[in-house]
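Structure data (compact mmCIF, C-alpha atoms) from coords.txt:
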# COMPACT_ATOMS: atom_id res chain seq x y z
CA MET I 1 123.02 23.39 212.93
CA ARG I 2 119.62 22.54 211.47
CA LEU I 3 118.29 19.60 209.51
CA GLU I 4 115.08 19.41 207.48
CA SER I 5 113.84 16.54 205.38
CA GLU I 6 111.16 15.93 202.77
CA LEU I 7 110.20 13.23 200.29
CA LEU I 8 110.47 14.16 196.60
CA ASP I 9 108.23 12.31 194.12
CA ASP I 10 107.52 9.71 196.81
CA ARG I 11 110.96 8.16 196.30
CA ILE I 12 113.85 10.53 197.01
CA LEU I 13 114.65 11.49 200.59
CA LYS I 14 115.88 15.07 200.48
CA ILE I 15 117.79 16.28 203.53
CA VAL I 16 118.67 19.96 203.86
CA LEU I 17 121.59 20.70 206.19
CA ASP I 18 121.98 24.27 207.43
CA GLY I 19 124.96 25.53 209.43
CA ARG I 20 128.45 24.36 210.37
CA LEU I 21 129.44 20.71 210.12
CA ASP I 22 132.15 21.05 212.77
CA VAL I 23 132.32 18.96 215.96
CA GLU I 24 129.36 20.70 217.63
CA GLY I 25 127.21 20.90 214.47
CA THR I 26 127.86 17.31 213.49
CA GLN I 27 127.02 16.06 216.98
CA ALA I 28 123.76 18.04 216.78
CA ILE I 29 122.52 16.33 213.61
CA ASP I 30 124.35 12.98 213.62
CA MET I 31 121.64 10.86 215.27
CA LYS I 32 118.79 12.30 213.24
CA PHE I 33 120.75 12.13 209.98
CA THR I 34 121.76 8.52 210.65
CA ALA I 35 118.21 7.51 211.60
CA LEU I 36 116.69 9.20 208.52
CA THR I 37 119.15 7.63 206.09
CA ALA I 38 118.87 4.19 207.70
CA THR I 39 115.27 3.79 206.56
CA LYS I 40 114.35 1.80 203.49
CA GLN I 41 114.25 4.97 201.39
CA ALA I 42 117.34 4.18 199.37
CA ALA I 43 117.71 7.33 197.27
CA ILE I 44 119.16 10.12 199.41
CA LEU I 45 119.77 13.69 198.26
CA VAL I 46 121.68 15.90 200.71
CA ASP I 47 121.28 19.61 199.99
CA MET I 48 124.59 21.16 201.11
CA SER I 49 123.92 24.71 199.86
CA ARG I 50 123.42 26.13 203.38
CA VAL I 51 126.40 24.36 204.94
CA THR I 52 128.94 27.10 205.66
CA PHE I 53 131.75 24.94 207.10
CA LEU I 54 132.80 21.31 206.81
CA ALA I 55 135.48 19.52 208.86
CA SER I 56 136.49 15.85 208.74
CA ILE I 57 134.09 14.98 211.57
CA GLY I 58 131.18 16.05 209.32
CA MET I 59 132.52 13.95 206.48
CA ARG I 60 132.59 10.94 208.82
CA THR I 61 128.82 11.20 209.26
CA LEU I 62 128.20 11.70 205.52
CA LEU I 63 130.47 8.78 204.59
CA SER I 64 129.17 6.45 207.25
CA CYS I 65 125.57 6.98 206.09
CA ALA I 66 126.50 6.81 202.38
CA LYS I 67 128.26 3.49 203.00
CA ALA I 68 125.27 2.10 204.90
CA ALA I 69 122.92 3.17 202.08
CA SER I 70 125.22 1.61 199.47
CA LYS I 71 125.26 -1.70 201.35
CA ARG I 72 121.46 -1.77 201.09
CA GLY I 73 121.58 -1.08 197.34
CA GLY I 74 120.87 2.61 197.81
CA LYS I 75 122.75 5.75 196.93
CA MET I 76 123.53 9.16 198.42
CA VAL I 77 124.37 12.26 196.41
CA LEU I 78 125.30 15.79 197.52
CA LEU I 79 123.75 18.90 196.02
CA ASN I 80 125.23 22.34 195.48
CA PRO I 81 127.95 22.79 198.17
CA GLN I 82 129.45 26.28 198.62
CA PRO I 83 132.92 26.69 196.98
CA MET I 84 135.07 26.14 200.11
CA VAL I 85 132.92 23.21 201.26
CA LYS I 86 133.31 21.78 197.74
CA ALA I 87 137.09 22.26 198.04
CA VAL I 88 137.10 20.20 201.28
CA LEU I 89 135.07 17.43 199.60
CA ASP I 90 137.40 17.44 196.58
CA ARG I 91 140.72 17.57 198.40
CA SER I 92 139.74 14.89 200.93
CA GLY I 93 138.71 12.52 198.14
CA VAL I 94 135.12 12.38 199.45
CA ALA I 95 133.72 13.88 196.22
CA THR I 96 134.85 10.75 194.37
CA LEU I 97 132.99 8.55 196.89
CA ILE I 98 129.75 10.56 197.25
CA PRO I 99 128.86 12.22 193.93
CA VAL I 100 128.42 16.00 194.03
CA TYR I 101 125.97 17.80 191.71
CA GLU I 102 125.40 21.47 191.10
CA ASP I 103 121.76 21.30 190.15
CA LEU I 104 118.71 19.44 191.34
CA ALA I 105 117.83 17.91 187.96
CA ALA I 106 121.24 16.24 187.58
CA ALA I 107 121.17 15.04 191.20
CA THR I 108 117.72 13.46 190.89
CA GLU I 109 118.72 11.94 187.54
CA ALA I 110 121.69 10.28 189.28
CA LEU I 111 119.25 8.72 191.75
CA ARG I 112 116.90 7.46 189.03
CA GLU I 113 118.38 3.95 188.96
CA VAL I 114 117.86 3.55 192.70
CA HIS I 115 114.65 1.86 193.76
CA PRO I 116 113.39 1.90 197.32
CA GLY I 117 113.96 -1.48 198.93
CA MET V 118 156.03 49.81 214.88
CA SER V 119 155.16 46.19 214.27
CA ALA V 120 152.84 45.29 211.39
CA GLU V 121 151.85 42.13 213.24
CA THR V 122 149.00 41.59 215.66
CA GLN V 123 148.74 38.49 217.82
CA ASP V 124 146.08 36.92 220.00
CA THR V 125 146.06 33.75 222.09
CA LEU V 126 143.35 31.48 223.43
CA VAL V 127 143.97 28.78 226.04
CA ILE V 128 141.49 25.92 226.12
CA GLU V 129 141.01 22.76 228.11
CA THR V 130 141.91 19.81 225.94
CA ARG V 131 138.43 18.45 225.22
CA LEU V 132 136.18 18.56 222.17
CA ALA V 133 133.48 20.73 223.75
CA GLU V 134 135.99 23.59 223.88
CA LEU V 135 135.90 23.85 220.08
CA ALA V 136 132.70 25.91 220.35
CA ARG V 137 134.70 28.51 222.30
CA VAL V 138 137.46 28.37 219.69
CA GLU V 139 134.90 29.07 216.98
CA ARG V 140 133.57 32.21 218.71
CA TRP V 141 137.08 33.51 219.40
CA LEU V 142 138.17 32.86 215.84
CA ALA V 143 135.10 34.42 214.22
CA GLY V 144 135.51 37.67 216.18
CA LEU V 145 139.24 37.90 215.65
CA LEU V 146 139.25 37.19 211.91
CA GLN V 147 136.44 39.69 211.43
CA ASP V 148 138.38 42.37 213.33
CA TRP V 149 141.40 41.63 211.16
CA LYS V 150 139.25 41.89 208.01
CA VAL V 151 140.41 38.51 206.74
CA SER V 152 138.67 37.36 203.53
CA PRO V 153 136.02 34.60 203.79
CA GLU V 154 138.20 32.15 201.85
CA THR V 155 141.20 32.62 204.16
CA ARG V 156 138.89 32.55 207.20
CA PHE V 157 137.54 29.17 206.12
CA ALA V 158 141.05 27.73 205.70
CA VAL V 159 142.21 29.03 209.13
CA ASP V 160 139.01 27.69 210.74
CA LEU V 161 139.50 24.30 209.08
CA VAL V 162 143.18 23.77 209.96
CA ILE V 163 142.52 24.75 213.61
CA ASN V 164 139.53 22.40 213.83
CA GLU V 165 141.51 19.51 212.38
CA ALA V 166 144.64 20.21 214.43
CA VAL V 167 142.82 20.56 217.77
CA THR V 168 140.67 17.48 217.10
CA ASN V 169 143.90 15.68 216.36
CA VAL V 170 145.64 16.87 219.54
CA ILE V 171 142.68 15.59 221.57
CA GLY V 172 142.67 12.29 219.71
CA TYR V 173 146.37 11.50 219.90
CA ALA V 174 148.19 13.64 222.40
CA HIS V 175 145.94 13.35 225.42
CA PRO V 176 142.47 11.93 224.98
CA GLU V 177 139.96 14.16 226.77
CA ASP V 178 142.18 15.22 229.63
CA PRO V 179 140.71 18.52 230.80
CA THR V 180 143.57 19.20 233.20
CA ARG V 181 145.90 19.72 230.26
CA GLU V 182 145.80 22.91 228.28
CA THR V 183 146.11 23.59 224.59
CA ARG V 184 147.27 27.06 223.59
CA ILE V 185 146.22 28.47 220.22
CA SER V 186 147.92 31.63 218.94
CA LEU V 187 147.02 33.55 215.82
CA THR V 188 149.26 36.15 214.19
CA ASP V 189 148.03 38.56 211.54
CA ARG V 190 150.93 39.16 209.17
CA PRO V 191 150.69 41.32 206.05
CA ASP V 192 150.86 38.24 203.82
CA ALA V 193 149.52 35.42 205.98
CA ILE V 194 147.67 34.26 209.07
CA VAL V 195 149.98 32.15 211.21
CA VAL V 196 148.47 29.58 213.57
CA GLU V 197 150.51 28.09 216.41
CA ILE V 198 149.17 25.25 218.49
CA LEU V 199 151.00 24.26 221.65
CA ASP V 200 150.01 21.30 223.79
CA THR V 201 151.60 19.39 226.64
CA GLY V 202 150.60 15.92 225.50
CA THR V 203 152.67 12.94 224.44
CA ALA V 204 155.16 13.77 221.69
CA PHE V 205 153.27 13.44 218.44
CA ASN V 206 154.13 14.89 215.06
CA PRO V 207 150.89 14.91 213.04
CA LEU V 208 152.79 15.88 209.90
CA GLU V 209 154.51 12.48 209.94
CA ALA V 210 151.24 10.56 210.13
CA PRO V 211 150.77 7.99 207.35
CA ALA V 212 149.42 9.41 204.10
CA MET V 213 145.68 9.34 203.55
CA ILE V 214 144.56 6.10 201.93
CA VAL V 215 142.78 7.00 198.72
CA SER V 216 139.98 4.68 197.78
CA LYS V 217 137.55 5.18 194.93
CA ASP V 218 135.24 2.49 196.23
CA LEU V 219 132.69 3.73 198.76
CA ASP V 220 132.23 0.27 200.28
CA GLU V 221 135.96 -0.04 200.98
CA ALA V 222 136.74 3.57 201.85
CA SER V 223 137.53 4.49 205.44
CA ILE V 224 135.22 7.07 207.06
CA GLY V 225 138.16 8.80 208.80
CA GLY V 226 141.84 9.54 208.41
CA ARG V 227 141.41 12.76 206.41
CA GLY V 228 142.25 15.44 208.99
CA ILE V 229 146.02 15.66 208.56
CA HIS V 230 145.67 15.59 204.80
CA LEU V 231 143.29 18.55 205.02
CA ILE V 232 145.74 20.48 207.23
CA LYS V 233 148.53 19.94 204.68
CA SER V 234 146.20 20.80 201.83
CA PHE V 235 144.78 24.05 203.26
CA ALA V 236 147.91 25.37 205.00
CA ASP V 237 150.58 26.83 202.70
CA ASN V 238 153.43 26.15 205.16
CA TYR V 239 153.54 23.84 208.14
CA SER V 240 156.12 22.68 210.67
CA TYR V 241 156.29 20.72 213.91
CA SER V 242 158.75 20.80 216.77
CA ARG V 243 158.94 19.22 220.21
CA VAL V 244 160.06 21.95 222.60
CA SER V 245 160.59 21.33 226.34
CA GLY V 246 157.72 18.90 226.73
CA HIS V 247 155.39 20.67 224.29
CA ASN V 248 154.14 19.77 220.85
CA HIS V 249 154.44 22.93 218.78
CA LEU V 250 152.62 22.96 215.44
CA THR V 251 152.94 26.02 213.20
CA LEU V 252 150.66 26.51 210.19
CA ALA V 253 150.67 29.49 207.82
CA ILE V 254 147.78 30.34 205.52
CA HIS V 255 148.56 32.88 202.83
CA LYS V 256 145.95 35.59 202.50
CA LYS V 257 143.70 35.15 199.50
CA GLY V 258 140.66 36.90 198.15

Hey, can you dump this file as C-alpha cells for me?
Amino acid sequence: MRLESELLDDRILKIVLDGRLDVEGTQAIDMKFTALTATKQAAILVDMSRVTFLASIGMRTLLSCAKAASKRGGKMVLLNPQPMVKAVLDRSGVATLIPVYEDLAAATEALREVHPG
Amino acid sequence: MSAETQDTLVIETRLAELARVERWLAGLLQDWKVSPETRFAVDLVINEAVTNVIGYAHPEDPTRETRISLTDRPDAIVVEILDTGTAFNPLEAPAMIVSKDLDEASIGGRGIHLIKSFADNYSYSRVSGHNHLTLAIHKKG
C-alpha cells in the first residue's frame, strides 16, 4: 500500500492511494493519511483510481478523516474509484457521506467552496 | 467424478493472519480462473467475516484457530468459516444504521451489511462448539 500527496493550486490537498485497503494496507497508511488530513488544508481530494480492494477497515480511516475535516469546516471528496471499490462505497452508504466523482474537474469544483482555515 | 474442488486454510485467530489469507486466496482464485468481479466479492466477504470473528468471537486469541474452506462449484464459490469462539451469529447483528449526515454517521458497523450485500446466499449454524458461517457467491463476469 502506497500513499503520495501533492498540493493542487496551493489549496487542494490531493492524496493518491495505491494498493489494497484491507487490514494490512490500511494499517500501513492510516497514520500518514490521518496526519496529512489533520492539517489546516481543508480541501482534500483522495484519488482512489489505484485502490484495488476496499474493506470496512479502510472505510473507517476514510470516514474518520472526512468527519474530522468536516468539523473544521473542510471537505473530503473521492476521485475515480474502480467499479468494485465504487460498489463497496455505494452499498455501505459511504458514497452518500463522502462524495465520489469520476473526473478531476468535477471533484475540484466540489471543493471550490472550501477555504483553507 | 466430482465437478467440485475444495481447499482449506487454517489460521491463528488474529488480524495479522489476514495477509496469509490474502496470498492463499489470490493463488487459489487464479488457479480456478475466477473472474475479477467474483474474486473481489469472495475476498471482501472473507475479510469482513474473519475481522468479525476476531472482533466478537475471541478477540486476538492466537491459541484458537479459524478454518476457512473454499469450494469451486460450477455456479458459485462457496466460503465456509469455522471458528471455536463464543457462539455468535453475525447474520443476526443489528442492521446497519444509515445516516446521511457525515457528522453524525458512525465510522464502523458496515462489515456484516457488506457480507449480506456481496454474498448471494448466507447461513449460520452453531455445531458442536463451532460457529459455522457459509457464504455463496455466484460466479459473474

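Neighbouring residues of V:Ile185 at 6 Å or closer, counting only C-alpha atoms and skipping chain neighbours under 5 positions away, are Thr125, Leu126, Glu197 and Ile198 of chain V.
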
Please provide the set of residues having any atom within 10 Å of stretch 74-76 of chain I, restricted to only C-alpha atoms, with same-chain residues fewer than 6 positions apart removed, written as a VMD selection string.
chain I and resid 12 to 14 37 40 to 46 62 to 63 65 to 68 97 to 100 107 110 to 117

Do you have, as CSV, the list of residues of stretch 38-112 of chain I lying at most 9 Å from stretch 148-157 of chain V, each with its nearest atom pair and that distance in Å to one decimal, counting all atoms listed in the file and ordered by chain then number?
residue,atom,partner,partner_atom,distance
I:Thr52,CA,V:Phe157,CA,8.9
I:Phe53,CA,V:Phe157,CA,7.2
I:Met84,CA,V:Glu154,CA,7.0
I:Val85,CA,V:Phe157,CA,9.0

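Distance check against chain V using all atoms listed in the file: of I:Ile57, I:Thr108, I:Val51, I:Ile29, the minimum falls on I:Ile57.
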
Might you pull out every residue within 12 Å of V:Gly246, with only C-alpha atoms counted and same-chain residues fewer than 4 positions away left off, and present them as a PDB file with C-alpha atoms, keeping the file's coordinate frame?
ATOM      1  CA  ALA V 174     148.190  13.640 222.400  1.00  0.00           C
ATOM      2  CA  LEU V 199     151.000  24.260 221.650  1.00  0.00           C
ATOM      3  CA  ASP V 200     150.010  21.300 223.790  1.00  0.00           C
ATOM      4  CA  THR V 201     151.600  19.390 226.640  1.00  0.00           C
ATOM      5  CA  GLY V 202     150.600  15.920 225.500  1.00  0.00           C
ATOM      6  CA  THR V 203     152.670  12.940 224.440  1.00  0.00           C
ATOM      7  CA  ALA V 204     155.160  13.770 221.690  1.00  0.00           C
ATOM      8  CA  PHE V 205     153.270  13.440 218.440  1.00  0.00           C
ATOM      9  CA  SER V 242     158.750  20.800 216.770  1.00  0.00           C
TER      10      SER V 242
END

Each side padded by 3 Å, which centre and which edge lengths in Å (one decimal) define the axis-aligned box around the listed atoms of stretch 90-104 of chain I? Give them as AutoDock Vina command-line options.
--center_x 129.7 --center_y 15.0 --center_z 195.5 --size_x 28.0 --size_y 18.9 --size_z 16.8

Computed interatomic separation between atom CA of V:Asp237 and atom CA of V:Thr130 (Å)
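Pair atom CA of V:Asp237 / atom CA of V:Thr130 returns 25.8 Å.
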
For chain I, the nearest of the candidates V:Arg140, V:Arg227, V:His255, V:Arg181, counting all atoms listed in the file
V:Arg227

Of the candidates V:Ala253, V:Ile171, V:Ile229, V:Ala166, which one gets nearest to V:Ile214 if we count only C-alpha atoms?
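Ranked by minimum distance to V:Ile214, first place goes to V:Ile229.
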
Save stretch 6-53 of chain I to disk from that block, N, CA and C atoms included, as a compact mmCIF listing (two decimals), in the first residue's frame.
# COMPACT_ATOMS: atom_id res chain seq x y z
N GLU I 6 0.17 15.69 -2.91
CA GLU I 6 0.65 16.94 -3.53
C GLU I 6 -0.40 18.01 -3.32
N LEU I 7 0.03 19.28 -3.46
CA LEU I 7 -0.88 20.39 -3.29
C LEU I 7 -1.27 20.91 -4.68
N LEU I 8 -2.58 20.96 -4.95
CA LEU I 8 -3.05 21.48 -6.25
C LEU I 8 -3.47 22.93 -6.08
N ASP I 9 -3.00 23.79 -6.94
CA ASP I 9 -3.39 25.22 -6.93
C ASP I 9 -3.22 25.85 -5.56
N ASP I 10 -2.24 25.36 -4.81
CA ASP I 10 -1.97 25.91 -3.47
C ASP I 10 -3.13 25.78 -2.49
N ARG I 11 -4.16 24.99 -2.81
CA ARG I 11 -5.28 24.95 -1.86
C ARG I 11 -5.94 23.59 -1.69
N ILE I 12 -5.73 22.68 -2.66
CA ILE I 12 -6.35 21.36 -2.53
C ILE I 12 -5.27 20.33 -2.23
N LEU I 13 -5.46 19.60 -1.13
CA LEU I 13 -4.53 18.52 -0.80
C LEU I 13 -4.99 17.27 -1.55
N LYS I 14 -4.17 16.84 -2.51
CA LYS I 14 -4.50 15.63 -3.26
C LYS I 14 -3.71 14.46 -2.70
N ILE I 15 -4.42 13.40 -2.34
CA ILE I 15 -3.75 12.21 -1.81
C ILE I 15 -4.05 11.04 -2.75
N VAL I 16 -3.00 10.42 -3.26
CA VAL I 16 -3.18 9.27 -4.14
C VAL I 16 -2.91 8.00 -3.34
N LEU I 17 -3.91 7.13 -3.25
CA LEU I 17 -3.74 5.84 -2.57
C LEU I 17 -3.55 4.77 -3.63
N ASP I 18 -2.65 3.83 -3.35
CA ASP I 18 -2.28 2.83 -4.35
C ASP I 18 -2.13 1.47 -3.66
N GLY I 19 -3.06 0.55 -3.95
CA GLY I 19 -2.96 -0.78 -3.36
C GLY I 19 -4.26 -1.25 -2.74
N ARG I 20 -4.14 -2.12 -1.74
CA ARG I 20 -5.33 -2.72 -1.11
C ARG I 20 -5.63 -2.05 0.23
N LEU I 21 -6.84 -1.54 0.37
CA LEU I 21 -7.25 -1.00 1.68
C LEU I 21 -7.92 -2.11 2.48
N ASP I 22 -7.14 -3.15 2.79
CA ASP I 22 -7.58 -4.21 3.70
C ASP I 22 -6.94 -3.91 5.06
N VAL I 23 -6.94 -4.87 5.97
CA VAL I 23 -6.38 -4.61 7.30
C VAL I 23 -4.92 -4.15 7.20
N GLU I 24 -4.11 -4.93 6.48
CA GLU I 24 -2.67 -4.64 6.39
C GLU I 24 -2.42 -3.30 5.68
N GLY I 25 -3.10 -3.09 4.55
CA GLY I 25 -2.91 -1.87 3.77
C GLY I 25 -3.36 -0.63 4.52
N THR I 26 -4.48 -0.75 5.22
CA THR I 26 -5.00 0.39 5.97
C THR I 26 -4.06 0.73 7.13
N GLN I 27 -3.56 -0.30 7.80
CA GLN I 27 -2.62 -0.04 8.90
C GLN I 27 -1.35 0.64 8.39
N ALA I 28 -0.96 0.32 7.14
CA ALA I 28 0.26 0.89 6.57
C ALA I 28 0.12 2.39 6.28
N ILE I 29 -1.08 2.84 5.93
CA ILE I 29 -1.21 4.26 5.57
C ILE I 29 -1.98 5.09 6.60
N ASP I 30 -2.59 4.45 7.57
CA ASP I 30 -3.52 5.14 8.48
C ASP I 30 -2.90 6.37 9.17
N MET I 31 -1.70 6.19 9.73
CA MET I 31 -1.09 7.30 10.48
C MET I 31 -0.76 8.47 9.58
N LYS I 32 -0.18 8.15 8.40
CA LYS I 32 0.22 9.22 7.48
C LYS I 32 -1.01 9.93 6.91
N PHE I 33 -2.02 9.14 6.56
CA PHE I 33 -3.25 9.70 6.00
C PHE I 33 -3.92 10.62 7.03
N THR I 34 -3.99 10.15 8.27
CA THR I 34 -4.62 10.93 9.34
C THR I 34 -3.85 12.22 9.60
N ALA I 35 -2.51 12.11 9.62
CA ALA I 35 -1.68 13.29 9.88
C ALA I 35 -1.83 14.32 8.76
N LEU I 36 -1.80 13.84 7.51
CA LEU I 36 -1.92 14.73 6.35
C LEU I 36 -3.25 15.48 6.36
N THR I 37 -4.34 14.74 6.63
CA THR I 37 -5.67 15.34 6.54
C THR I 37 -6.01 16.15 7.79
N ALA I 38 -5.18 16.06 8.82
CA ALA I 38 -5.45 16.81 10.05
C ALA I 38 -4.83 18.20 10.02
N THR I 39 -4.15 18.52 8.92
CA THR I 39 -3.56 19.86 8.82
C THR I 39 -4.65 20.87 8.49
N LYS I 40 -4.28 22.12 8.40
CA LYS I 40 -5.29 23.15 8.16
C LYS I 40 -5.82 23.12 6.73
N GLN I 41 -5.11 22.42 5.84
CA GLN I 41 -5.58 22.33 4.45
C GLN I 41 -6.93 21.64 4.45
N ALA I 42 -8.00 22.41 4.23
CA ALA I 42 -9.33 21.87 4.47
C ALA I 42 -9.93 21.12 3.28
N ALA I 43 -9.42 21.41 2.08
CA ALA I 43 -9.98 20.76 0.89
C ALA I 43 -9.14 19.54 0.54
N ILE I 44 -9.76 18.35 0.66
CA ILE I 44 -8.99 17.11 0.49
C ILE I 44 -9.58 16.27 -0.65
N LEU I 45 -8.73 15.95 -1.60
CA LEU I 45 -9.14 15.14 -2.75
C LEU I 45 -8.38 13.80 -2.67
N VAL I 46 -9.11 12.71 -2.52
CA VAL I 46 -8.46 11.40 -2.42
C VAL I 46 -8.64 10.66 -3.75
N ASP I 47 -7.53 10.47 -4.45
CA ASP I 47 -7.55 9.75 -5.73
C ASP I 47 -7.57 8.25 -5.43
N MET I 48 -8.71 7.61 -5.74
CA MET I 48 -8.92 6.19 -5.42
C MET I 48 -8.64 5.28 -6.62
N SER I 49 -8.22 5.85 -7.76
CA SER I 49 -8.17 5.07 -9.00
C SER I 49 -7.22 3.87 -8.94
N ARG I 50 -6.22 3.92 -8.05
CA ARG I 50 -5.28 2.79 -7.95
C ARG I 50 -5.55 1.90 -6.75
N VAL I 51 -6.69 2.12 -6.10
CA VAL I 51 -7.07 1.24 -4.98
C VAL I 51 -7.79 0.03 -5.57
N THR I 52 -7.22 -1.15 -5.35
CA THR I 52 -7.76 -2.37 -5.99
C THR I 52 -8.72 -3.14 -5.09
N PHE I 53 -8.73 -2.80 -3.79
CA PHE I 53 -9.59 -3.52 -2.85
C PHE I 53 -9.93 -2.60 -1.69
